[in-house]
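The block underneath contains the structure these notes are about, expressed in structure tokens.
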Amino acid sequence: MTPSNFEILQTISESLTTKVYKARQPSLDRVVLLKTLHKNLVGDAGLLKRFEREAKACAMLRSEHIVQVYHLDEYDGAPAIVIEYVEGTALDELLAQQPKQSEEFALTVAQGVLKALVVAHGAGVVHRDIKPGNILIARDGTVKVTDFGLATMATAPTLTMEGAMMGTPAYMSPEQSLGKQAKAASDLFSLGTTLVEVLTGERLFDGDSYAVCLNKISHFVPEMLDRFAETMSPRTLSFLKRLMMPLEDHRFESAATALQFIRRRRHVTTNMFGVQAGSRVGTARGYRGIVAALLVFGALLVALNQGWLSDALAPEKPTPLMTEQRSDDSLKQSTSGVSHDTLALRTKAQSVGMPAASVSRGSDKQVAGTLNEKTMAKPAADSGYLQVACSPWAKVFLGNEYIGTTPIAGTLKVRAGVHTLTFQNESYPPIVKTVTIQPGTLESIEADFFANAGFIFVSVMPWADVYIDDQQRGTTPMSQPLLVSAGTRKVRLHHPSFEDIISSVVVTPHDTVRVVHTFNKQAKH
């Protein structure tokens with residue numbers, strides 16, 4: 001293809017490696033976007049391969065809710081991705097004009113994005129950067145997801161190694177903020193963050209620096225959304241909490257499951273008489289619904305009068321072992337209809353390393369037999385309780401005994417005395433704390449790895465594999481800095497055609513150190 005095949009109308013954006021144009025394609029009489037690789041990088045085989053991989057990952061996706069990649073070609077001597085041009089408005093532009101949108105609009109956006117993610121995830125493609133700027137509202141109202149530039153194929157090597165944070169900080173999932181590989185559940189968390197902004201006008205994890213953003217993400221719990229309860233329906237609030245569970249396994253199982261939840265929500269927008277709010281329903285149908293509801297209501301009154309429901313409605317007595325329990329939706333669902341005694345057993349099972357999910361109705365005796373019966377009694381005179389928490393997460397050891405991975409719900413019964421707690425996270429040096437347990441009292445211990453963390457942002461021309469303290473952390477270009485422990489860090493930049501560049505940098509907590517280099521033109525022999 002030659003330059004005359006396209007008429008450049010406007011430059012949309014430019015980065016260190018690519019430039020995006022709005023262009024007209026005369027041969028097909030259409031307006032398109034051209035994403036081109038800079039000509040001086042064409043000879044870089046590694047970068048060219050990644051550019052082509054991006055095009056292939058996007059071109060395989062077919063959905064009216066995904067901005068289409070037409071094909072990979074050339075423009076002005078450089079490879080170019082030809083992309084559908086959508087007439088419409090980006091969601092971030094719309095929010096800039098009107099920060100708060102209606103609940104119905106937010107759910108329409110959610111449905112469109114989820115439909116796109118169902119297709120993408122089904123093809124093994126994770127977007128990794130769901131945010132208002134990557135969601136378009138076409139003129140006909142269709143919601144479209146764009147810019148799969150950070151997307152990875154689950155079945156192929158990732159474009160950046162583990163440890164490189166990819167995505168926009170204010171919309172990152174907790175696992176992305178730690179530099180871990182993003183999965184389908186990561187897109188769901190980012191969607192939840194986006195929807196909160198659509199409904200409330202508030203960007204939950206915004207901050208002046210990456211450290212501030214990541215600290216907010218690491219401390220987030222779904223209960224923080226309760227302050228928005230008056231701005232949305234309970235079911236929508238529940239939907240957001242499920243999307244934004246800190247642990248991936250606690251979120252919706254898939255985009256398809258989340259989509260079904262919304263569809264059920266919209267289907268169940270009828271009142272108790274069977275008449276949909278705000279709609280025009282046949283009078284006869286409405287009366288039939290009213291009669292049915294009155295009959296059910298009358299039956300309930302009779303049951304209450306006869307005392308048939310007295311046991312079911314009587315409040316259960318709390319167990320002394322349940323000092324505090326997480327109230328997120330995943331826990332509510334898992335404990336629906338379960339007695340307080342069983343909940344107590346679950347919490348106690350966790351304290352001795354048993355999976356709480358293994359304790360269910362009818363298994364109380366089995367668990368009680370597994371646990372020492374004395375632990376089910378009131379706190380002994382020589383025991384107390386311990387609560388542990390950690391940002392972002394950690395495996396926790398009491399002495400030499402593993403007691404769980406945070407977040408750990410409930411409390412742990414611990415013998416009185418002085419104990420050593422060790423918090424281990426593979427991305428940081430261990431944190432060791434000492435705690436004194438008094439008989440019959442509760443102690444809380446929290447560790448914060450972010451308190452001693454900083455960031456290194458690496459920019460290299462033409463590109464390089466990045467090693468921090470001899471551990472490979474990614475490949476440039478990187479859109480986000482690397483999370484590291486504070487202190488003196490050794491940075492090694494490797495390109496197969498040049499001599500390695502090695503330097504030492506001093507990283508202070510919460511600060512970002514920039515490492516910028518250009519390899520010498522003379523290649524190594």
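Ligands are numbered from 1 in the order shown, residues from 1 within each chain, and chains are lettered A, B, ... in the order they appear in the structure tokens.
Residues in contact with Ser63 (chain A) at 10 Å, where only C-alpha atoms are counted and same-chain residues fewer than 2 positions away are skipped, are listed as A:Met60, A:Leu61, A:His65, A:Ile66, A:Val67, A:Gln68, A:Lys115, A:Ala116, A:Leu117, A:Val118, A:Val119, A:Ala120, A:Lys144, A:Val145.
The interatomic distance for the pair CA of Val505 (chain A) and CA of Asp44 (chain A) works out to 27.7 Å.
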**OP:** Write out as a list in words which residues come within 7 Å of His495 (chain A) when counting only C-alpha atoms, dropping same-chain ones fewer than 6 positions away.
**Re:** Trp463, Ala464 and Asp465 of chain A
Take the selection from the previous step and output its residues with N, CA and C atoms, as a PDB file, in the first residue's frame.
```
ATOM      1  N   TRP A 463      14.425  -0.477  22.319  1.00  0.00           N
ATOM      2  CA  TRP A 463      13.655  -1.228  23.312  1.00  0.00           C
ATOM      3  C   TRP A 463      14.646  -2.055  24.118  1.00  0.00           C
ATOM      4  N   ALA A 464      14.165  -2.643  25.223  1.00  0.00           N
ATOM      5  CA  ALA A 464      15.048  -3.464  26.056  1.00  0.00           C
ATOM      6  C   ALA A 464      14.245  -4.353  26.980  1.00  0.00           C
ATOM      7  N   ASP A 465      14.835  -5.491  27.311  1.00  0.00           N
ATOM      8  CA  ASP A 465      14.342  -6.299  28.427  1.00  0.00           C
ATOM      9  C   ASP A 465      14.871  -5.660  29.703  1.00  0.00           C
TER      10      ASP A 465
END
```
Could you pull out the helix (DSSP H, G or I) residues of region 47-176 of chain A from DSSP and send them as a short mmCIF file (atom, residue, chain, number, x, y, z; two decimals) with C-alpha atoms, in the first residue's frame?
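Listing of out-v8.cif after writing:
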```cif
data_model
loop_
_atom_site.label_atom_id
_atom_site.label_comp_id
_atom_site.auth_asym_id
_atom_site.auth_seq_id
_atom_site.Cartn_x
_atom_site.Cartn_y
_atom_site.Cartn_z
CA LEU A 47 8.82 -4.69 18.43
CA LEU A 48 7.44 -5.47 14.98
CA LYS A 49 6.36 -8.91 16.18
CA ARG A 50 4.53 -7.42 19.16
CA PHE A 51 2.82 -4.88 16.89
CA GLU A 52 1.63 -7.65 14.60
CA ARG A 53 0.47 -9.73 17.55
CA GLU A 54 -1.67 -6.84 18.75
CA ALA A 55 -3.32 -6.57 15.33
CA LYS A 56 -4.05 -10.30 15.18
CA ALA A 57 -5.43 -10.40 18.72
CA CYS A 58 -7.91 -7.63 17.88
CA ALA A 59 -8.77 -8.69 14.31
CA LEU A 91 -17.59 7.91 27.58
CA ASP A 92 -14.95 10.03 29.30
CA GLU A 93 -15.92 13.02 27.15
CA LEU A 94 -19.57 12.48 28.00
CA LEU A 95 -18.76 12.32 31.72
CA ALA A 96 -16.74 15.51 31.45
CA GLN A 97 -19.91 17.26 30.26
CA GLU A 103 -28.76 4.14 36.52
CA GLU A 104 -30.43 2.98 33.32
CA PHE A 105 -27.65 4.53 31.24
CA ALA A 106 -24.97 2.92 33.43
CA LEU A 107 -26.57 -0.50 33.00
CA THR A 108 -26.77 0.03 29.24
CA VAL A 109 -23.04 0.76 29.23
CA ALA A 110 -22.43 -2.30 31.41
CA GLN A 111 -24.38 -4.54 29.04
CA GLY A 112 -22.50 -3.30 25.99
CA VAL A 113 -19.08 -3.72 27.60
CA LEU A 114 -19.96 -7.15 28.99
CA LYS A 115 -21.15 -8.32 25.58
CA ALA A 116 -17.79 -7.23 24.17
CA LEU A 117 -15.92 -9.00 26.96
CA VAL A 118 -17.90 -12.21 26.47
CA VAL A 119 -16.58 -12.34 22.90
CA ALA A 120 -13.04 -11.28 23.81
CA HIS A 121 -12.67 -13.57 26.81
CA GLY A 122 -14.18 -16.41 24.83
CA PRO A 132 -14.27 5.50 30.15
CA GLY A 133 -11.73 6.60 27.53
CA ASN A 134 -11.89 3.17 25.88
CA PRO A 169 -3.80 3.25 37.45
CA ALA A 170 -7.17 4.71 38.46
CA TYR A 171 -9.01 1.73 36.90
CA PRO A 174 -5.82 -5.21 42.67
CA GLU A 175 -3.89 -7.96 40.89
CA GLN A 176 -2.80 -5.61 38.10
#
```
Original post:
Neighbours of Lys19 (chain A) within 10 Å (only C-alpha atoms; same-chain residues fewer than 5 positions away dropped), as number ranges by chain?
Top reply: A: 11-14, 34-38, 80
